[in-house]
>>> print(open('start32.tsv').read())   # TSV, C-alpha atoms
chain	number	residue	atom	x	y	z
A	78	MET	CA	19.97	250.34	131.29
A	79	LEU	CA	16.50	249.25	132.41
A	80	ARG	CA	17.74	247.81	135.74
A	81	LEU	CA	15.63	244.66	135.87
A	82	PRO	CA	15.93	244.04	139.65
A	83	ALA	CA	14.35	247.42	140.41
A	84	LEU	CA	11.43	246.51	138.16
A	85	PHE	CA	10.20	244.07	140.80
A	86	THR	CA	9.45	247.03	143.07
A	87	VAL	CA	6.80	248.35	140.66
A	88	PRO	CA	3.81	245.91	140.70
A	89	GLY	CA	3.39	246.37	144.44
A	90	ASP	CA	2.45	250.02	143.93
A	91	ALA	CA	-0.78	249.26	142.06
A	92	LEU	CA	-1.54	246.24	144.24
A	93	ALA	CA	-1.09	248.24	147.43
A	94	GLY	CA	-3.31	250.94	145.93
A	95	ALA	CA	-6.07	248.42	145.24
A	96	ALA	CA	-5.70	247.05	148.76
A	97	ALA	CA	-5.94	250.53	150.25
A	98	ALA	CA	-9.14	251.11	148.25
A	99	GLN	CA	-10.59	247.98	149.92
A	100	VAL	CA	-11.23	246.16	146.61
A	101	ARG	CA	-9.82	243.02	145.10
A	102	PRO	CA	-7.36	243.33	142.21
A	103	SER	CA	-9.02	243.07	138.80
A	104	SER	CA	-8.09	243.16	135.14
A	105	ARG	CA	-7.91	246.93	135.44
A	106	THR	CA	-5.34	246.51	138.21
A	107	VAL	CA	-3.26	244.42	135.79
A	108	LEU	CA	-3.50	247.22	133.22
A	109	ALA	CA	-2.37	249.69	135.87
A	110	ILE	CA	0.61	247.47	136.67
A	111	GLY	CA	1.51	247.38	132.97
A	112	ALA	CA	1.26	251.17	132.79
A	113	SER	CA	3.45	251.51	135.87
A	114	LEU	CA	6.11	249.19	134.44
A	115	CYS	CA	6.22	251.14	131.17
A	116	LEU	CA	6.44	254.53	132.87
A	117	TYR	CA	9.09	253.27	135.30
A	118	GLU	CA	11.24	251.93	132.49
A	119	ALA	CA	10.70	255.14	130.53
A	120	GLY	CA	12.19	256.97	133.50
A	121	MET	CA	15.16	254.60	133.59
A	122	ALA	CA	15.95	255.12	129.90
A	123	LEU	CA	15.43	258.87	130.14
A	124	ASN	CA	17.61	259.04	133.25
A	125	ASP	CA	20.53	257.43	131.42
A	126	TRP	CA	20.03	259.76	128.45
A	127	ALA	CA	20.00	262.84	130.69
A	128	ASP	CA	23.05	261.63	132.70
A	129	ARG	CA	25.15	260.45	129.75
A	130	GLU	CA	27.83	263.15	130.16
A	131	GLU	CA	28.06	262.73	133.93
A	132	ASP	CA	28.18	258.94	133.57
A	133	ALA	CA	31.01	259.26	131.02
A	134	ALA	CA	33.15	260.77	133.79
A	135	GLU	CA	31.94	258.87	136.85
A	136	ARG	CA	30.49	255.58	135.53
A	137	PRO	CA	31.93	254.91	132.07
A	138	HIS	CA	30.75	251.29	132.23
A	139	ARG	CA	27.11	252.38	131.88
A	140	PRO	CA	25.43	251.43	128.56
A	141	LEU	CA	25.44	254.90	126.96
A	142	PRO	CA	28.99	256.12	127.75
A	143	SER	CA	30.39	252.67	126.91
A	144	GLY	CA	28.80	252.88	123.47
A	145	ARG	CA	26.59	249.80	123.83
A	146	ILE	CA	23.45	251.92	123.36
A	147	ARG	CA	23.17	255.09	121.29
A	148	PRO	CA	21.73	258.19	123.05
A	149	GLY	CA	19.07	258.56	120.38
A	150	ALA	CA	17.90	255.00	120.94
A	151	ALA	CA	17.60	255.59	124.70
A	152	LEU	CA	15.56	258.76	124.17
A	153	ALA	CA	13.30	257.03	121.64
A	154	ALA	CA	12.76	254.15	124.07
A	155	ALA	CA	11.78	256.60	126.81
A	156	GLY	CA	9.23	258.23	124.53
A	157	ALA	CA	7.78	254.92	123.29
A	158	LEU	CA	7.50	253.51	126.81
A	159	THR	CA	5.76	256.67	128.01
A	160	VAL	CA	3.19	256.43	125.21
A	161	ALA	CA	2.66	252.74	125.97
A	162	GLY	CA	2.19	253.47	129.67
A	163	LEU	CA	-0.40	256.15	129.02
A	164	ALA	CA	-2.22	253.90	126.54
A	165	LEU	CA	-2.45	251.08	129.11
A	166	ALA	CA	-3.69	253.53	131.73
A	167	ALA	CA	-6.36	254.73	129.31
A	168	ARG	CA	-7.48	251.12	128.83
A	169	ALA	CA	-7.83	250.86	132.60
A	170	GLY	CA	-10.27	253.77	132.60
A	171	ARG	CA	-10.40	257.54	132.75
A	172	PRO	CA	-9.61	257.72	136.51
A	173	ALA	CA	-6.38	255.77	135.94
A	174	LEU	CA	-5.38	257.99	133.02
A	175	THR	CA	-6.10	261.06	135.14
A	176	VAL	CA	-3.40	259.87	137.55
A	177	ALA	CA	-1.05	258.45	134.91
A	178	ALA	CA	-0.74	261.75	133.02
A	179	PRO	CA	0.75	263.74	135.94
A	180	LEU	CA	2.84	260.68	136.84
A	181	ALA	CA	4.41	260.67	133.36
A	182	ALA	CA	4.94	264.43	133.55
A	183	THR	CA	6.64	264.04	136.92
A	184	VAL	CA	8.97	261.34	135.56
A	185	TRP	CA	10.09	263.52	132.65
A	186	ALA	CA	10.39	266.66	134.79
A	187	TYR	CA	12.54	264.81	137.32
A	188	ASP	CA	14.96	263.34	134.79
A	189	LEU	CA	15.27	266.46	132.65
A	190	GLY	CA	15.55	269.12	135.33
A	191	LEU	CA	14.40	268.53	138.88
A	192	LYS	CA	16.84	265.74	139.74
A	193	ARG	CA	19.71	268.09	140.57
A	194	THR	CA	17.56	270.60	142.46
A	195	PRO	CA	16.24	270.51	146.05
A	196	ALA	CA	12.88	269.51	144.57
A	197	GLY	CA	14.30	266.29	143.15
A	198	PRO	CA	13.59	263.94	146.07
A	199	VAL	CA	10.13	265.44	146.49
A	200	ALA	CA	9.37	264.83	142.79
A	201	MET	CA	10.52	261.22	143.05
A	202	ALA	CA	8.41	260.70	146.17
A	203	GLY	CA	5.45	262.19	144.35
A	204	ALA	CA	5.94	259.81	141.44
A	205	ARG	CA	5.82	256.76	143.72
A	206	ALA	CA	2.77	258.09	145.53
A	207	LEU	CA	1.01	258.71	142.22
A	208	ASP	CA	1.88	255.20	141.07
A	209	LEU	CA	0.10	253.73	144.10
A	210	LEU	CA	-2.86	256.04	143.54
A	211	MET	CA	-3.09	254.87	139.92
A	212	GLY	CA	-3.69	251.34	141.18
A	213	ALA	CA	-6.55	252.57	143.35
A	214	ALA	CA	-7.98	254.72	140.56
A	215	ALA	CA	-7.87	251.87	138.05
A	216	THR	CA	-9.43	249.32	140.39
A	217	GLN	CA	-11.91	251.41	142.37
A	218	GLY	CA	-12.34	254.56	140.29
A	219	ARG	CA	-11.23	256.90	143.06
A	220	THR	CA	-8.15	257.53	145.18
A	221	ARG	CA	-9.32	259.03	148.47
A	222	GLU	CA	-8.97	255.85	150.54
A	223	ALA	CA	-5.46	255.24	149.18
A	224	LEU	CA	-4.04	258.66	150.10
A	225	PRO	CA	-2.58	257.55	153.49
A	226	SER	CA	-0.77	254.57	151.94
A	227	ALA	CA	0.49	256.78	149.11
A	228	ALA	CA	1.86	259.28	151.63
A	229	LEU	CA	3.70	256.53	153.54
A	230	LEU	CA	5.22	255.06	150.38
A	231	GLY	CA	6.19	258.56	149.27
A	232	THR	CA	7.94	259.16	152.59
A	233	HIS	CA	10.08	256.07	152.08
A	234	THR	CA	10.93	257.12	148.52
A	235	LEU	CA	11.85	260.60	149.70
A	236	ALA	CA	14.35	259.10	152.15
A	237	VAL	CA	15.91	256.76	149.58
A	238	THR	CA	16.21	259.48	146.95
A	239	THR	CA	17.81	261.89	149.41
A	240	VAL	CA	20.48	259.28	150.21
A	241	SER	CA	21.01	258.53	146.51
A	242	ARG	CA	22.13	262.10	145.81
A	243	HIS	CA	25.45	261.21	147.48
A	244	GLU	CA	26.04	257.73	146.04
A	245	THR	CA	28.85	258.73	143.67
A	246	GLY	CA	30.73	261.27	145.78
A	247	GLY	CA	29.86	260.29	149.33
A	248	GLY	CA	28.75	262.88	151.84
A	249	THR	CA	27.72	263.46	155.42
A	250	PRO	CA	25.93	260.96	157.63
A	251	LEU	CA	22.88	263.24	157.86
A	252	ALA	CA	21.02	261.74	154.89
A	253	PRO	CA	21.30	258.08	156.02
A	254	LEU	CA	20.47	259.11	159.59
A	255	ALA	CA	17.33	260.84	158.35
A	256	ALA	CA	16.50	257.74	156.32
A	257	LEU	CA	16.92	255.63	159.45
A	258	ALA	CA	14.48	257.87	161.30
A	259	ALA	CA	11.99	257.63	158.43
A	260	THR	CA	12.34	253.84	158.43
A	261	ALA	CA	11.64	253.69	162.17
A	262	PHE	CA	8.56	255.88	161.74
A	263	LEU	CA	7.20	253.85	158.83
A	264	THR	CA	7.82	250.59	160.67
A	265	GLN	CA	5.84	251.84	163.65
A	266	VAL	CA	2.95	253.08	161.51
A	267	THR	CA	2.65	249.96	159.35
A	268	THR	CA	2.61	247.73	162.41
A	269	ARG	CA	-0.66	249.33	163.53
A	270	PRO	CA	-4.02	248.94	161.72
A	271	PRO	CA	-5.26	252.18	160.14
A	272	ALA	CA	-7.79	254.22	162.07
A	273	GLY	CA	-10.94	255.08	160.22
A	274	PRO	CA	-14.61	254.35	159.76
A	275	GLY	CA	-13.98	250.64	160.02
A	276	ASP	CA	-12.91	251.05	163.63
A	277	ALA	CA	-16.15	252.87	164.36
A	278	ALA	CA	-18.03	249.96	162.84
A	279	THR	CA	-16.57	247.56	165.38
A	280	ARG	CA	-17.94	249.75	168.16
A	281	GLY	CA	-21.42	249.86	166.62
A	282	LEU	CA	-21.34	253.59	165.90
A	283	PRO	CA	-23.71	254.94	163.23
A	284	GLY	CA	-22.65	256.28	159.87
A	285	THR	CA	-20.52	253.37	158.71
A	286	THR	CA	-20.83	251.49	155.45
A	287	PRO	CA	-20.82	247.71	154.90
A	288	ARG	CA	-17.47	248.04	153.11
A	289	ALA	CA	-15.99	249.86	156.10
A	290	ALA	CA	-17.34	247.22	158.46
A	291	LEU	CA	-15.86	244.45	156.31
A	292	SER	CA	-12.52	246.26	156.38
A	293	ALA	CA	-12.60	246.33	160.17
A	294	VAL	CA	-13.43	242.64	160.42
A	295	THR	CA	-10.60	241.81	158.01
A	296	ARG	CA	-8.08	243.78	160.06
A	297	LEU	CA	-9.18	241.93	163.19
A	298	ARG	CA	-8.93	238.50	161.53
A	299	PRO	CA	-6.66	236.08	163.42
A	300	GLY	CA	-3.11	236.41	162.19
A	301	ALA	CA	-3.61	239.88	160.69
A	302	ALA	CA	-1.55	241.60	163.37
A	303	GLU	CA	1.20	238.99	163.12
A	304	LEU	CA	1.41	239.40	159.35
A	305	ARG	CA	1.61	243.19	159.61
A	306	THR	CA	4.33	242.91	162.23
A	307	ALA	CA	6.35	240.37	160.25
A	308	LEU	CA	6.24	242.41	157.05
A	309	ALA	CA	7.04	245.63	158.88
A	310	ALA	CA	10.02	243.91	160.51
A	311	LEU	CA	11.19	242.64	157.12
A	312	TYR	CA	10.97	246.18	155.77
A	313	ALA	CA	12.93	247.56	158.73
A	314	THR	CA	15.73	245.00	158.51
A	315	THR	CA	16.07	245.39	154.73
A	316	ALA	CA	16.42	249.17	154.89
A	317	ALA	CA	17.91	249.95	158.30
A	318	ARG	CA	21.15	247.96	158.22
A	319	PRO	CA	22.65	249.54	155.06
A	320	TYR	CA	21.44	252.98	156.22
A	321	PHE	CA	23.23	252.45	159.52
A	322	HIS	CA	26.47	251.44	157.81
A	323	ALA	CA	26.30	254.49	155.53
A	324	ALA	CA	25.73	256.72	158.54
A	325	LEU	CA	28.87	255.35	160.18
A	326	ASN	CA	30.90	255.69	156.98
A	327	PRO	CA	29.23	257.75	154.20
A	328	SER	CA	31.64	256.56	151.51
A	329	PRO	CA	30.38	256.04	147.95
A	330	PRO	CA	30.35	252.20	148.15
A	331	LEU	CA	28.39	252.11	151.42
A	332	THR	CA	26.08	254.87	150.25
A	333	GLN	CA	25.36	252.89	147.09
A	334	ARG	CA	24.57	249.84	149.22
A	335	ALA	CA	22.25	251.97	151.32
A	336	VAL	CA	20.41	253.12	148.19
A	337	GLY	CA	20.15	249.54	146.96
A	338	GLY	CA	18.82	248.43	150.33
A	339	GLY	CA	16.28	251.23	150.33
A	340	ILE	CA	15.05	250.28	146.86
A	341	ARG	CA	14.73	246.60	147.81
A	342	ALA	CA	12.88	247.60	151.00
A	343	THR	CA	10.13	249.09	148.85
A	344	ILE	CA	8.74	245.60	148.29
A	345	PRO	CA	8.21	244.60	151.95
A	346	LEU	CA	6.85	248.10	152.63
A	347	GLN	CA	4.24	247.68	149.87
A	348	ALA	CA	3.39	244.28	151.34
A	349	ALA	CA	3.10	245.73	154.85
A	350	LEU	CA	0.82	248.51	153.58
A	351	SER	CA	-1.39	245.91	151.89
A	352	ALA	CA	-1.57	243.82	155.06
A	353	ARG	CA	-2.39	246.97	157.00
A	354	SER	CA	-5.26	247.61	154.59
A	355	GLY	CA	-6.68	244.15	155.26
A	356	ALA	CA	-5.45	242.34	152.13
A	357	PRO	CA	-3.24	239.47	153.36
A	358	VAL	CA	-3.24	237.54	150.07
A	359	THR	CA	-2.13	240.64	148.16
A	360	ALA	CA	0.50	241.31	150.81
A	361	LEU	CA	1.98	237.83	150.49
A	362	ALA	CA	1.94	238.05	146.69
A	363	ILE	CA	3.91	241.31	146.82
A	364	ALA	CA	6.34	239.92	149.39
A	365	ALA	CA	7.07	236.99	147.06
A	366	LEU	CA	8.63	239.45	144.61
A	367	GLY	CA	11.40	240.22	147.13
A	368	PRO	CA	13.46	237.04	146.62
A	369	LEU	CA	13.22	237.46	142.83
A	370	ALA	CA	14.51	241.02	143.07
A	371	ALA	CA	17.38	239.90	145.32
A	372	ARG	CA	18.29	237.11	142.91
A	373	PHE	CA	18.49	239.39	139.89
A	374	ALA	CA	20.27	242.09	141.90
A	375	LYS	CA	23.28	239.76	142.07
A	376	LYS	CA	23.62	240.08	138.29
A	377	VAL	CA	22.45	243.64	137.61
A	378	SER	CA	22.81	246.65	139.92
A	379	VAL	CA	19.56	248.29	141.04
A	380	THR	CA	21.16	251.75	141.01
>>> encode(input="start32.tsv", output="structure tokens")
Amino acid sequence: MLRLPALFTVPGDALAGAAAAQVRPSSRTVLAIGASLCLYEAGMALNDWADREEDAAERPHRPLPSGRIRPGAALAAAGALTVAGLALAARAGRPALTVAAPLAATVWAYDLGLKRTPAGPVAMAGARALDLLMGAAATQGRTREALPSAALLGTHTLAVTTVSRHETGGGTPLAPLAALAATAFLTQVTTRPPAGPGDAATRGLPGTTPRAALSAVTRLRPGAAELRTALAALYATTAARPYFHAALNPSPPLTQRAVGGGIRATIPLQAALSARSGAPVTALAIAALGPLAARFAKKVSVT
């Protein structure tokens, strides 16, 4: 029910948020990761509880319709995990809790009502973006610098969620084609260093801060461009191939593979965003989660 392989896509949100804020991960970042994991798993349990009747008809092997887990237990787990996530965010500081509260509300609103509406993919994208911002808020105390990275991660999530709406019944090739276009756009953006005050610092323009200048120097460090390019390419290859197959044949099995590929691609995208923000060590640490997710995905489906 908790879909362990997908859980490996969560720590990179907070880490990419800290990288975007131009600060090193700290103990508060670890607390933000813990909060993210709890809220993510709360959404998984709540999703199965909300979909128990639909799953009984379409996926009777799932834990609730098969009788392995009682509906009341799933709902109680969702509530307990939500409380735990908010408590960990509070330990990380008031800025983190300020982001975690709307994140938790978005998770519950999506599972209980928005999922089957046109607003569903947008809500899911917002949840991922908020998760990244929580990492920045916990580590730095503010989120402004992390907004571009949050928007890019949200765009990817929007594409994946739009494709996932057709994973049981199939559909038209429009959703995977749109996801392919989004993947191409994100690959192009993450390959380039972000424009900002740090670029002005390298030209000696006034009005820059030491932190901005350090960011610029980090982005120009030897190997930075190569790392960004490699991680962006890994993201593109992970997501694009299953999207392309689903576009050619939007059957349920290929659409499900496309959704799985999109979820797994979240990890190299988080790593590419971190490298783009000038945090190569963080980027490599996030990328190392990819093989673990792939290994566990052979035993447990990510969707």
>>> closest_residue(input="start32.tsv", among="A:Pro327, A:Pro82, A:Gly111, A:Pro225", to="Ala374 in chain A", atoms="all atoms listed in the file")
A:Pro82
>>> atom_distance(input="start32.tsv", atom1="CA of Ala178 in chain A", atom2="CA of Ala370 in chain A")
27.6 Å
>>> residues_around(input="start32.tsv", residues="range 329-342 of chain A", least_positions_apart="5", cutoff="8 Å", atoms="all atoms listed in the file", output="CSV table (one decimal) with C-alpha atoms, in the frame of the given file")
chain,number,residue,atom,x,y,z
A,83,ALA,CA,14.4,247.4,140.4
A,86,THR,CA,9.4,247.0,143.1
A,237,VAL,CA,15.9,256.8,149.6
A,238,THR,CA,16.2,259.5,147.0
A,240,VAL,CA,20.5,259.3,150.2
A,241,SER,CA,21.0,258.5,146.5
A,243,HIS,CA,25.4,261.2,147.5
A,244,GLU,CA,26.0,257.7,146.0
A,245,THR,CA,28.8,258.7,143.7
A,246,GLY,CA,30.7,261.3,145.8
A,247,GLY,CA,29.9,260.3,149.3
A,253,PRO,CA,21.3,258.1,156.0
A,312,TYR,CA,11.0,246.2,155.8
A,313,ALA,CA,12.9,247.6,158.7
A,315,THR,CA,16.1,245.4,154.7
A,316,ALA,CA,16.4,249.2,154.9
A,319,PRO,CA,22.6,249.5,155.1
A,320,TYR,CA,21.4,253.0,156.2
A,322,HIS,CA,26.5,251.4,157.8
A,323,ALA,CA,26.3,254.5,155.5
A,367,GLY,CA,11.4,240.2,147.1
A,370,ALA,CA,14.5,241.0,143.1
A,371,ALA,CA,17.4,239.9,145.3
A,379,VAL,CA,19.6,248.3,141.0
A,380,THR,CA,21.2,251.8,141.0
>>> residues_around(input="start32.tsv", residues="Ala181 in chain A", least_positions_apart="6", cutoff="10 Å", atoms="all atoms listed in the file", output="PDB file with C-alpha atoms, keeping the file's coordinate frame")
ATOM      1  CA  SER A 113       3.450 251.510 135.870  1.00  0.00           C
ATOM      2  CA  CYS A 115       6.220 251.140 131.170  1.00  0.00           C
ATOM      3  CA  LEU A 116       6.440 254.530 132.870  1.00  0.00           C
ATOM      4  CA  TYR A 117       9.090 253.270 135.300  1.00  0.00           C
ATOM      5  CA  ALA A 119      10.700 255.140 130.530  1.00  0.00           C
ATOM      6  CA  GLY A 120      12.190 256.970 133.500  1.00  0.00           C
ATOM      7  CA  THR A 159       5.760 256.670 128.010  1.00  0.00           C
ATOM      8  CA  VAL A 160       3.190 256.430 125.210  1.00  0.00           C
ATOM      9  CA  GLY A 162       2.190 253.470 129.670  1.00  0.00           C
ATOM     10  CA  LEU A 163      -0.400 256.150 129.020  1.00  0.00           C
ATOM     11  CA  TYR A 187      12.540 264.810 137.320  1.00  0.00           C
ATOM     12  CA  ALA A 204       5.940 259.810 141.440  1.00  0.00           C
ATOM     13  CA  LEU A 207       1.010 258.710 142.220  1.00  0.00           C
ATOM     14  CA  ASP A 208       1.880 255.200 141.070  1.00  0.00           C
TER      15      ASP A 208
END
>>> residues_around(input="start32.tsv", residues="Leu209 in chain A", least_positions_apart="5", cutoff="12 Å", atoms="all atoms listed in the file", output="count of residues only")
44
>>> atom_distance(input="start32.tsv", atom1="CA of Arg193 in chain A", atom2="CA of Arg242 in chain A")
8.3 Å
>>> closest_residue(input="start32.tsv", among="A:Ala317, A:Ala206, A:Leu257, A:Ala360", to="Arg305 in chain A", atoms="all atoms listed in the file")
A:Ala360
>>> atom_distance(input="start32.tsv", atom1="CA of Thr359 in chain A", atom2="CA of Arg105 in chain A")
15.3 Å
>>> residues_around(input="start32.tsv", residues="Arg147 in chain A", least_positions_apart="5", cutoff="12 Å", atoms="only C-alpha atoms", output="ChimeraX atom specification")
/A:78,122,125-126,129,139-142,152-154
>>> closest_residue(input="start32.tsv", among="A:Ile344, A:Leu311, A:Ala301, A:Ala161", to="Glu118 in chain A", atoms="all atoms listed in the file")
A:Ala161
>>> closest_residue(input="start32.tsv", among="A:Leu346, A:Arg318, A:Ala151, A:Leu189", to="Thr232 in chain A", atoms="only C-alpha atoms")
A:Leu346
>>> residues_around(input="start32.tsv", residues="Asp188 in chain A", least_positions_apart="2", cutoff="8 Å", atoms="all atoms listed in the file", output="VMD selection string")
chain A and resid 120 123 to 124 127 184 to 186 190 to 192
>>> closest_residue(input="start32.tsv", among="A:Met201, A:Leu158, A:Ala213, A:Ala167", to="Thr239 in chain A", atoms="all atoms listed in the file")
A:Met201
>>> decode(input="start32.tsv", residues="range 208-222 of chain A", atoms="N, CA, C and O atoms", output="CSV table (one decimal), in the first residue's frame")
chain,number,residue,atom,x,y,z
A,208,ASP,N,6.6,20.6,-1.5
A,208,ASP,CA,7.5,19.7,-0.8
A,208,ASP,C,9.0,20.2,-1.0
A,208,ASP,O,9.8,20.2,0.0
A,209,LEU,N,9.3,20.7,-2.2
A,209,LEU,CA,10.6,21.2,-2.4
A,209,LEU,C,10.8,22.5,-1.6
A,209,LEU,O,11.8,22.8,-1.0
A,210,LEU,N,9.8,23.4,-1.6
A,210,LEU,CA,9.8,24.6,-0.9
A,210,LEU,C,10.0,24.4,0.6
A,210,LEU,O,10.6,25.2,1.3
A,211,MET,N,9.4,23.3,1.1
A,211,MET,CA,9.6,23.0,2.6
A,211,MET,C,11.0,22.7,2.9
A,211,MET,O,11.5,23.1,4.0
A,212,GLY,N,11.8,22.1,2.0
A,212,GLY,CA,13.2,21.9,2.2
A,212,GLY,C,13.9,23.2,2.3
A,212,GLY,O,14.8,23.4,3.2
A,213,ALA,N,13.6,24.1,1.4
A,213,ALA,CA,14.2,25.5,1.5
A,213,ALA,C,13.9,26.2,2.7
A,213,ALA,O,14.7,26.8,3.4
A,214,ALA,N,12.6,26.2,3.1
A,214,ALA,CA,12.1,26.9,4.3
A,214,ALA,C,12.7,26.3,5.6
A,214,ALA,O,13.1,27.1,6.5
A,215,ALA,N,12.9,25.0,5.7
A,215,ALA,CA,13.5,24.4,6.8
A,215,ALA,C,14.9,24.7,7.0
A,215,ALA,O,15.4,25.0,8.1
A,216,THR,N,15.6,24.8,5.8
A,216,THR,CA,17.1,24.9,5.9
A,216,THR,C,17.5,26.4,5.9
A,216,THR,O,18.4,26.8,6.7
A,217,GLN,N,16.8,27.2,5.2
A,217,GLN,CA,17.2,28.6,5.0
A,217,GLN,C,16.3,29.6,5.7
A,217,GLN,O,16.6,30.7,6.1
A,218,GLY,N,15.0,29.2,5.9
A,218,GLY,CA,14.0,30.0,6.6
A,218,GLY,C,13.2,30.8,5.6
A,218,GLY,O,12.3,31.6,6.0
A,219,ARG,N,13.5,30.7,4.3
A,219,ARG,CA,12.6,31.4,3.3
A,219,ARG,C,12.6,30.5,2.1
A,219,ARG,O,13.4,29.6,1.9
A,220,THR,N,11.8,30.9,1.1
A,220,THR,CA,11.5,30.0,0.0
A,220,THR,C,11.8,30.8,-1.4
A,220,THR,O,11.7,30.1,-2.4
A,221,ARG,N,12.0,32.0,-1.3
A,221,ARG,CA,12.0,32.8,-2.6
A,221,ARG,C,13.0,32.3,-3.6
A,221,ARG,O,12.7,32.1,-4.8
A,222,GLU,N,14.2,31.9,-3.2
A,222,GLU,CA,15.2,31.4,-4.1
A,222,GLU,C,14.9,30.1,-4.7
A,222,GLU,O,15.4,29.7,-5.8
